[in-house]
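Data from structure.cif: mmCIF, C-alpha atoms and all ligand atoms
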data_model
#
loop_
_atom_site.label_atom_id
_atom_site.label_comp_id
_atom_site.auth_asym_id
_atom_site.auth_seq_id
_atom_site.Cartn_x
_atom_site.Cartn_y
_atom_site.Cartn_z
CA MET I 1 36.23 200.03 -42.37
CA ALA I 2 39.13 199.48 -44.74
CA THR I 3 41.39 196.60 -43.76
CA ALA I 4 45.04 195.87 -44.31
CA GLY I 5 46.17 194.40 -47.63
CA ALA I 6 48.39 191.31 -47.77
CA THR I 7 52.17 191.72 -48.01
CA LEU I 8 54.37 188.70 -48.69
CA VAL I 9 57.77 187.90 -47.17
CA ASN I 10 60.03 184.83 -47.22
CA ARG I 11 60.48 182.28 -44.46
CA SER I 12 63.96 181.02 -43.65
CA ASP I 13 63.28 177.94 -45.83
CA GLY I 14 62.56 180.23 -48.77
CA THR I 15 58.80 179.64 -48.95
CA ALA I 16 56.40 182.56 -49.04
CA ALA I 17 54.76 183.91 -45.90
CA MET I 18 52.25 186.69 -45.19
CA HIS I 19 53.63 189.67 -43.31
CA VAL I 20 51.37 190.61 -40.41
CA PRO I 21 52.61 193.70 -38.55
CA PHE I 22 52.02 193.98 -34.82
CA VAL I 23 50.41 197.38 -35.33
CA ASP I 24 49.88 199.24 -38.61
CA LEU I 25 49.77 203.00 -38.10
CA LYS I 26 50.04 203.85 -41.79
CA ILE I 27 46.51 202.78 -42.73
CA GLN I 28 44.89 205.49 -40.60
CA ALA I 29 47.19 208.13 -42.05
CA VAL I 30 46.05 207.23 -45.57
CA HIS I 31 42.37 207.42 -44.63
CA LEU I 32 42.60 210.56 -42.53
CA ARG I 33 44.94 212.51 -44.78
CA GLY I 34 42.37 215.23 -45.52
CA GLU I 35 41.39 215.59 -41.87
CA TYR I 36 45.03 215.74 -40.80
CA GLU I 37 45.79 218.45 -43.34
CA ALA I 38 42.82 220.56 -42.28
CA ALA I 39 43.78 220.25 -38.61
CA LEU I 40 47.46 221.01 -39.22
CA TRP I 41 46.91 224.04 -41.40
CA SER I 42 44.24 225.56 -39.14
CA VAL I 43 46.84 225.63 -36.36
CA ILE I 44 49.82 226.59 -38.55
CA ASP I 45 47.98 229.40 -40.34
CA ARG I 46 47.26 231.05 -37.00
CA ALA I 47 50.65 230.08 -35.50
CA ALA I 48 48.66 229.01 -32.40
CA TYR I 49 50.97 226.35 -31.05
CA THR I 50 50.33 226.23 -27.32
CA MET I 51 47.27 226.54 -25.07
CA GLY I 52 44.95 227.46 -27.97
CA PRO I 53 41.31 226.82 -28.84
CA GLU I 54 42.06 223.38 -30.31
CA LEU I 55 43.37 222.26 -26.93
CA GLU I 56 40.22 223.48 -25.21
CA GLN I 57 37.98 221.85 -27.81
CA PHE I 58 39.78 218.56 -27.54
CA GLU I 59 39.70 218.68 -23.75
CA GLY I 60 35.93 219.26 -23.81
CA ALA I 61 35.35 216.42 -26.26
CA PHE I 62 37.62 213.98 -24.43
CA ALA I 63 36.06 214.83 -21.04
CA ALA I 64 32.62 214.07 -22.51
CA PHE I 65 33.93 210.83 -24.01
CA CYS I 66 35.15 209.78 -20.54
CA GLY I 67 31.99 210.89 -18.71
CA CYS I 68 34.04 213.40 -16.71
CA ALA I 69 33.66 217.10 -16.01
CA HIS I 70 37.33 217.71 -16.84
CA ALA I 71 40.11 216.58 -19.15
CA ILE I 72 43.49 218.29 -19.06
CA GLY I 73 45.71 217.76 -22.10
CA VAL I 74 49.33 217.08 -21.18
CA SER I 75 52.61 216.04 -22.78
CA SER I 76 52.44 212.24 -22.26
CA GLY I 77 50.73 209.46 -20.36
CA THR I 78 53.65 209.37 -17.95
CA ASP I 79 53.22 213.08 -17.18
CA ALA I 80 49.45 212.59 -16.91
CA LEU I 81 50.09 210.01 -14.17
CA LYS I 82 52.55 212.33 -12.43
CA LEU I 83 50.19 215.34 -12.56
CA ALA I 84 47.22 213.21 -11.45
CA LEU I 85 49.17 211.94 -8.44
CA ILE I 86 50.23 215.48 -7.49
CA ALA I 87 46.69 216.80 -8.00
CA VAL I 88 45.13 214.19 -5.70
CA GLY I 89 47.65 215.12 -3.00
CA VAL I 90 50.47 212.56 -3.20
CA LYS I 91 53.59 214.06 -1.60
CA PRO I 92 57.32 213.23 -1.55
CA GLY I 93 57.91 210.38 0.90
CA ASP I 94 54.45 208.85 0.35
CA GLU I 95 53.96 205.29 -0.80
CA VAL I 96 51.76 204.44 -3.78
CA ILE I 97 50.54 200.92 -4.57
CA VAL I 98 51.26 199.84 -8.16
CA PRO I 99 50.90 196.44 -9.86
CA ALA I 100 54.24 194.69 -10.59
CA ASN I 101 53.16 193.82 -14.14
CA THR I 102 52.68 197.08 -15.98
CA PHE I 103 54.64 199.41 -18.21
CA ILE I 104 57.39 201.04 -16.17
CA ALA I 105 55.80 204.50 -16.56
CA THR I 106 53.16 203.62 -13.94
CA ALA I 107 55.90 203.36 -11.32
CA GLU I 108 58.17 206.05 -12.79
CA ALA I 109 55.47 208.68 -12.35
CA VAL I 110 55.37 207.85 -8.64
CA SER I 111 59.17 208.04 -8.39
CA HIS I 112 59.31 211.33 -10.33
CA ILE I 113 57.50 213.14 -7.51
CA GLY I 114 59.67 211.65 -4.77
CA ALA I 115 57.12 209.06 -3.67
CA ARG I 116 57.82 205.32 -3.57
CA PRO I 117 56.01 202.70 -5.66
CA VAL I 118 55.00 199.65 -3.60
CA PHE I 119 54.48 196.69 -5.90
CA VAL I 120 51.69 194.13 -5.60
CA ASP I 121 50.89 190.98 -7.54
CA CYS I 122 48.26 190.52 -10.26
CA LEU I 123 45.54 187.94 -10.74
CA ALA I 124 46.82 184.81 -12.49
CA ASP I 125 44.28 184.70 -15.31
CA SER I 126 43.61 188.35 -16.24
CA GLY I 127 46.90 189.95 -15.23
CA LEU I 128 44.96 192.78 -13.56
CA ILE I 129 45.82 194.04 -10.08
CA ASP I 130 44.81 191.61 -7.32
CA PRO I 131 42.53 193.62 -4.99
CA GLU I 132 43.30 191.17 -2.14
CA ALA I 133 46.97 192.14 -2.36
CA ILE I 134 46.26 195.81 -1.58
CA GLY I 135 45.54 195.53 2.16
CA PRO I 136 48.74 193.65 3.04
CA ALA I 137 50.83 196.19 1.06
CA MET I 138 49.49 199.14 3.06
CA GLY I 139 51.73 201.07 5.39
CA PRO I 140 51.43 204.29 7.41
CA ARG I 141 52.75 206.36 4.47
CA THR I 142 50.51 204.84 1.77
CA THR I 143 48.30 207.54 0.24
CA ALA I 144 47.24 206.30 -3.19
CA ILE I 145 46.74 203.28 -5.40
CA VAL I 146 47.08 203.04 -9.18
CA PRO I 147 45.00 200.27 -10.79
CA VAL I 148 46.06 199.72 -14.41
CA HIS I 149 43.41 198.84 -17.00
CA LEU I 150 45.89 196.55 -18.71
CA TYR I 151 45.40 195.57 -22.37
CA GLY I 152 42.19 197.64 -22.50
CA ARG I 153 40.32 195.72 -19.82
CA PRO I 154 39.16 197.55 -16.66
CA ALA I 155 40.64 196.50 -13.34
CA ASP I 156 38.04 195.52 -10.70
CA LEU I 157 37.13 199.09 -9.80
CA ASP I 158 34.56 198.08 -7.16
CA ALA I 159 37.09 196.02 -5.21
CA VAL I 160 39.88 198.56 -5.65
CA GLN I 161 37.64 201.41 -4.46
CA ARG I 162 36.51 199.34 -1.45
CA ALA I 163 40.13 198.72 -0.48
CA ALA I 164 40.97 202.39 -1.02
CA ASP I 165 37.99 203.56 1.06
CA ALA I 166 38.87 201.17 3.88
CA HIS I 167 42.29 202.82 4.19
CA GLY I 168 41.58 206.39 3.03
CA LEU I 169 43.59 206.09 -0.19
CA ALA I 170 43.10 208.06 -3.41
CA VAL I 171 42.54 205.96 -6.54
CA VAL I 172 44.36 207.17 -9.66
CA GLU I 173 43.39 205.05 -12.68
CA ASP I 174 46.09 204.25 -15.22
CA ALA I 175 43.80 204.24 -18.27
CA CYS I 176 46.66 204.61 -20.77
CA GLN I 177 45.58 201.41 -22.57
CA ALA I 178 41.83 201.74 -22.14
CA HIS I 179 40.29 204.77 -23.93
CA GLY I 180 36.56 203.99 -24.12
CA ALA I 181 36.48 200.87 -21.93
CA THR I 182 33.56 200.78 -19.49
CA TRP I 183 33.04 199.30 -16.04
CA ARG I 184 29.38 198.57 -15.20
CA GLY I 185 28.37 200.82 -18.10
CA ARG I 186 30.48 203.82 -17.09
CA PRO I 187 33.67 204.88 -18.89
CA VAL I 188 37.01 204.23 -17.19
CA GLY I 189 38.72 207.47 -16.29
CA SER I 190 35.59 208.58 -14.41
CA PHE I 191 36.01 206.36 -11.33
CA GLY I 192 39.09 207.38 -9.40
CA ALA I 193 39.94 210.74 -7.87
CA ALA I 194 41.74 211.20 -11.20
CA ALA I 195 42.87 209.13 -14.18
CA ALA I 196 45.67 209.22 -16.73
CA PHE I 197 45.46 208.54 -20.48
CA SER I 198 48.29 208.25 -23.01
CA PHE I 199 48.11 209.35 -26.63
CA TYR I 200 51.36 207.61 -27.59
CA PRO I 201 50.96 206.79 -31.32
CA GLY I 202 50.20 203.08 -30.86
CA LYS I 203 47.50 203.56 -28.18
CA ASN I 204 43.80 203.20 -29.07
CA LEU I 205 43.73 206.99 -29.47
CA GLY I 206 47.17 208.06 -30.61
CA ALA I 207 48.67 211.46 -31.40
CA LEU I 208 51.26 211.96 -34.12
CA GLY I 209 53.87 212.04 -31.39
CA ASP I 210 53.54 212.07 -27.60
CA GLY I 211 50.54 213.28 -25.65
CA GLY I 212 48.33 212.46 -22.68
CA ALA I 213 45.43 213.63 -20.55
CA VAL I 214 44.34 213.75 -16.93
CA THR I 215 40.62 213.24 -16.38
CA THR I 216 38.65 213.91 -13.20
CA ARG I 217 35.18 214.70 -11.94
CA ASP I 218 36.63 216.93 -9.20
CA ASP I 219 36.98 220.69 -9.86
CA ALA I 220 39.82 221.15 -7.36
CA VAL I 221 41.82 218.20 -8.72
CA ALA I 222 41.35 219.57 -12.26
CA ALA I 223 42.49 223.04 -11.21
CA SER I 224 45.58 221.61 -9.56
CA ALA I 225 46.51 219.47 -12.60
CA ARG I 226 46.10 222.53 -14.85
CA LEU I 227 48.25 224.62 -12.55
CA TYR I 228 51.14 222.12 -12.41
CA ARG I 229 50.92 221.42 -16.15
CA ASN I 230 51.83 224.99 -17.05
CA HIS I 231 54.61 226.27 -14.76
CA GLY I 232 52.28 226.73 -11.80
CA GLN I 233 50.97 229.83 -13.53
CA ILE I 234 47.66 231.33 -12.39
CA ASP I 235 47.97 234.48 -14.49
CA LYS I 236 50.68 235.84 -16.64
CA TYR I 237 53.77 236.37 -14.44
CA THR I 238 52.16 234.87 -11.30
CA HIS I 239 53.39 231.40 -10.42
CA GLN I 240 51.56 229.90 -7.47
CA VAL I 241 53.63 226.71 -7.25
CA VAL I 242 56.77 225.33 -8.88
CA GLY I 243 55.17 223.51 -11.79
CA TYR I 244 56.18 221.79 -15.01
CA CYS I 245 56.20 222.39 -18.75
CA ASP I 246 53.83 219.49 -19.49
CA ARG I 247 51.37 220.95 -21.99
CA LEU I 248 49.74 219.04 -24.86
CA HIS I 249 50.73 220.81 -28.10
CA ASN I 250 47.90 222.52 -29.92
CA LEU I 251 48.82 220.69 -33.13
CA GLN I 252 48.45 217.36 -31.39
CA ALA I 253 45.15 218.47 -29.83
CA ALA I 254 43.80 219.40 -33.29
CA LEU I 255 44.83 216.01 -34.70
CA LEU I 256 43.46 214.15 -31.66
CA LEU I 257 40.13 215.98 -31.96
CA ALA I 258 39.82 214.72 -35.56
CA LYS I 259 40.79 211.19 -34.52
CA LEU I 260 38.50 211.08 -31.46
CA ALA I 261 35.45 211.05 -33.76
CA HIS I 262 36.69 207.73 -35.19
CA LEU I 263 37.60 206.11 -31.88
CA PRO I 264 34.24 204.39 -31.20
CA ALA I 265 34.39 202.68 -34.62
CA TRP I 266 38.05 201.73 -34.11
CA ASN I 267 37.25 200.25 -30.69
CA GLU I 268 34.35 198.31 -32.20
CA ALA I 269 36.68 196.96 -34.90
CA ARG I 270 39.10 195.83 -32.18
CA ARG I 271 36.23 194.07 -30.39
CA ASN I 272 35.27 192.27 -33.59
CA ALA I 273 38.88 191.25 -34.13
CA ALA I 274 39.14 190.00 -30.52
CA ARG I 275 35.92 187.97 -30.82
CA ASP I 276 37.26 186.43 -34.01
CA TYR I 277 40.60 185.57 -32.35
CA ASP I 278 38.68 184.10 -29.37
CA ARG I 279 36.64 181.87 -31.67
CA ARG I 280 39.59 180.71 -33.77
CA LEU I 281 41.74 179.97 -30.71
CA SER I 282 39.04 178.07 -28.81
CA GLY I 283 39.80 174.78 -30.58
CA ILE I 284 43.56 174.94 -30.25
CA GLY I 285 45.31 173.07 -27.46
CA GLY I 286 48.34 174.45 -25.63
CA VAL I 287 47.39 178.10 -25.85
CA GLU I 288 45.30 180.10 -23.39
CA ALA I 289 43.20 182.88 -24.93
CA PRO I 290 42.28 185.85 -22.69
CA GLU I 291 39.50 184.98 -20.25
CA ARG I 292 36.21 186.82 -20.77
CA ALA I 293 33.76 187.96 -18.09
CA ASP I 294 30.70 190.18 -17.65
CA GLY I 295 30.23 193.59 -16.09
CA PHE I 296 32.59 195.57 -18.29
CA GLU I 297 33.40 196.33 -21.90
CA GLU I 298 37.00 196.02 -23.10
CA VAL I 299 38.72 197.97 -25.86
CA HIS I 300 41.41 195.37 -26.65
CA HIS I 301 44.46 197.57 -26.83
CA LEU I 302 46.42 194.31 -26.86
CA TYR I 303 45.39 190.71 -27.50
CA VAL I 304 47.51 188.63 -25.12
CA VAL I 305 47.64 184.82 -25.05
CA SER I 306 49.73 182.47 -22.90
CA ALA I 307 51.73 179.55 -24.22
CA PRO I 308 54.51 177.25 -23.04
CA ALA I 309 57.92 177.59 -24.74
CA ARG I 310 56.93 181.17 -25.47
CA ASP I 311 60.23 182.33 -26.96
CA GLU I 312 60.34 179.39 -29.39
CA VAL I 313 56.73 180.04 -30.43
CA ARG I 314 57.51 183.73 -31.01
CA ALA I 315 60.57 182.89 -33.09
CA LYS I 316 58.52 180.54 -35.29
CA LEU I 317 55.85 183.21 -35.71
CA ALA I 318 58.50 185.77 -36.64
CA ASP I 319 59.86 183.39 -39.28
CA ALA I 320 56.33 183.09 -40.66
CA GLY I 321 56.09 186.89 -40.95
CA VAL I 322 53.95 187.41 -37.84
CA GLU I 323 55.16 190.21 -35.55
CA THR I 324 54.36 189.78 -31.86
CA GLY I 325 55.20 191.54 -28.60
CA ILE I 326 55.53 190.80 -24.87
CA HIS I 327 53.71 193.08 -22.44
CA TYR I 328 55.73 192.84 -20.31
CA PRO I 329 58.68 190.41 -20.13
CA VAL I 330 60.19 191.66 -16.83
CA PRO I 331 57.95 192.61 -13.88
CA LEU I 332 58.91 195.93 -12.33
CA HIS I 333 60.24 194.49 -9.06
CA LEU I 334 62.85 192.63 -11.14
CA GLN I 335 63.89 195.65 -13.23
CA PRO I 336 67.35 197.11 -12.50
CA ALA I 337 65.74 200.54 -12.08
CA TYR I 338 63.78 199.18 -9.10
CA GLY I 339 66.58 197.10 -7.62
CA ASP I 340 65.93 198.93 -4.35
CA SER I 341 62.29 197.80 -4.09
CA GLY I 342 63.19 195.22 -1.45
CA HIS I 343 61.70 192.47 -3.61
CA GLY I 344 63.22 189.65 -5.59
CA ALA I 345 62.31 186.66 -7.72
CA GLY I 346 59.47 184.63 -6.24
CA ASP I 347 57.75 187.56 -4.48
CA PHE I 348 54.99 188.04 -7.08
CA PRO I 349 54.40 184.57 -8.52
CA ASN I 350 51.46 185.44 -10.77
CA ALA I 351 53.24 188.36 -12.41
CA GLU I 352 56.44 186.33 -12.81
CA HIS I 353 54.65 183.24 -14.19
CA ARG I 354 52.74 185.31 -16.74
CA ALA I 355 55.86 187.23 -17.78
CA GLY I 356 57.45 183.98 -19.01
CA ARG I 357 54.41 182.82 -21.01
CA ILE I 358 52.59 185.78 -22.55
CA ILE I 359 52.57 186.71 -26.23
CA SER I 360 50.77 189.75 -27.67
CA LEU I 361 49.33 188.92 -31.10
CA PRO I 362 48.91 191.51 -33.86
CA MET I 363 46.00 193.82 -32.96
CA PHE I 364 44.85 197.04 -34.59
CA PRO I 365 41.45 198.20 -35.86
CA GLU I 366 42.18 197.49 -39.52
CA ILE I 367 43.60 193.96 -39.07
CA SER I 368 41.92 191.83 -41.74
CA GLU I 369 40.16 188.51 -41.31
CA ALA I 370 42.77 186.90 -43.58
CA GLN I 371 45.55 188.22 -41.32
CA ARG I 372 43.85 186.90 -38.17
CA ALA I 373 43.25 183.48 -39.77
CA TYR I 374 46.91 183.36 -40.81
CA VAL I 375 48.16 184.39 -37.33
CA VAL I 376 46.12 181.65 -35.65
CA ALA I 377 47.08 179.00 -38.24
CA GLU I 378 50.76 179.84 -37.76
CA LEU I 379 50.36 179.86 -33.97
CA GLU I 380 48.85 176.37 -34.15
CA ARG I 381 51.77 175.20 -36.33
CA ALA I 382 54.28 176.76 -33.93
CA LEU I 383 52.69 174.95 -30.97
CA ALA I 384 52.58 171.56 -32.73
C1 LIG M 1 51.68 203.86 -22.53
C2 LIG M 1 51.53 203.66 -21.07
C3 LIG M 1 51.92 204.63 -20.14
C4 LIG M 1 52.74 205.85 -20.48
O1 LIG M 1 52.28 206.60 -21.52
P1 LIG M 1 53.31 207.52 -22.37
O2 LIG M 1 52.37 208.36 -23.16
O3 LIG M 1 54.12 206.60 -23.21
O4 LIG M 1 54.11 208.31 -21.42
C5 LIG M 1 51.63 204.41 -18.81
N1 LIG M 1 51.01 203.29 -18.40
C6 LIG M 1 50.63 202.33 -19.26
C7 LIG M 1 49.92 201.11 -18.73
C8 LIG M 1 50.88 202.47 -20.62
O5 LIG M 1 50.54 201.49 -21.46
#
Can you present the structure in this file as structure tokens?
Ligand SMILES: *Cc1c(COP(=O)(O)O)cnc(C)c1O
Amino acid sequence: MATAGATLVNRSDGTAAMHVPFVDLKIQAVHLRGEYEAALWSVIDRAAYTMGPELEQFEGAFAAFCGCAHAIGVSSGTDALKLALIAVGVKPGDEVIVPANTFIATAEAVSHIGARPVFVDCLADSGLIDPEAIGPAMGPRTTAIVPVHLYGRPADLDAVQRAADAHGLAVVEDACQAHGATWRGRPVGSFGAAAAFSFYPGKNLGALGDGGAVTTRDDAVAASARLYRNHGQIDKYTHQVVGYCDRLHNLQAALLLAKLAHLPAWNEARRNAARDYDRRLSGIGGVEAPERADGFEEVHHLYVVSAPARDEVRAKLADAGVETGIHYPVPLHLQPAYGDSGHGAGDFPNAEHRAGRIISLPMFPEISEAQRAYVVAELERALA
């Protein structure tokens, strides 16, 4: 695989530094130019912009990739979550259990259908949903739970399913960061009653714009997601339910189909990059690399470390040309949008503690060894 070339920038003291972007989306565009052109023109020449054969082909290929009978292409990951929740039977007034430390879309999708997200804490070391927290968060109106496979690592699907079964809840996986990750050898997206994927450009499989998919093994859930995706239409001029305009564009489906063939190699490149970061970070005091464990395979959407004085460390890295991120700096129960959650500071200590310490290092399939070595060397300097 081609890797990124070095670009130089200046530090504030005038000395030269290497620029390491957080994500580099331009490299893939250079390599896939021919495939992109073929996909674009095949759609444009036929003016087949919605619900065409490319969408069906992509849905078939993505379903197979996820080990599912069905994939339904939709307009975004957020809408995939919303349609998945509707399709598994979540109704207005229901409560849905959601981790406090996730992208806001996980909770927004619940709110969009008139249900209420009920936040729970994460595990201190992995940041994944704490299965022990699910039982105590249950109430008479709880009907579903959304484990998030954060950073490309599967949540504990055995424990989540046990908790769900004990209380009769539907599991809807938020797999928006985890295309191709496996849990006990089986792809995520094939475990819950349904799952949601995002094809936002920076995700492991990204469209050239917004996109998403619902996956499911269940024929009835698939039929319902398809119905709501396209105006509740069962045939032309017959609308069974009040639905949405949430289709995945045919152009995006054609581009995604071309990109899907490269996804296994891109995920493998991310794994190599993560192993290399793990090794380089193992000798450095003051920083915690992600913990590793057995029983699953990650796809490293993000490479997240913890460090004290996080903001200072990030500022020093930025001065050295290294772009970083924070995923996520404010847990959802402390967001203004969820000021009515009934929770405040101190309620989810693991999520809150992590939020003040985490740094996402540059991670993309084409990140070069020289870039990784530079990132870690500068991180060590920043910590010193
Ligand atoms: C990206 C993301 C979403 C939302 O996907 P969009 O395509 O941006 O709507 C939902 N949940 C998680 C965890 C995500 O990372």
Closest to ligand LIG 1 (chain M) among I:Pro21, I:Pro136, I:Gly93, I:Pro154, using all atoms listed in the file?
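Looking at the shortest contact to ligand LIG 1 (chain M), the residue is I:Pro154.
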Test item: residues lying within 7 Å of ligand LIG 1 (chain M) with all atoms listed in the file, as a PyMOL selection string
chain I and resi 76-79+102-103+105-106+148+150+174-177+198-200+210-212
Out of I:Gly114, I:Pro264, I:Pro329, I:Pro147, which residue has the shortest atom-to-atom distance to Asp94 (chain I) when counting only C-alpha atoms?
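Closest to Asp94 (chain I) of all the choices is I:Gly114.
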Between CA of Gly73 (chain I) and CA of Leu55 (chain I), measure the distance and give it in Å to one decimal.
7.0 Å
Option closest in space to Ser75 (chain I), from I:Thr143, I:Thr50, I:Gln240, I:Ser306 [counting only C-alpha atoms]
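Closest to Ser75 (chain I) of all the choices is I:Thr50.
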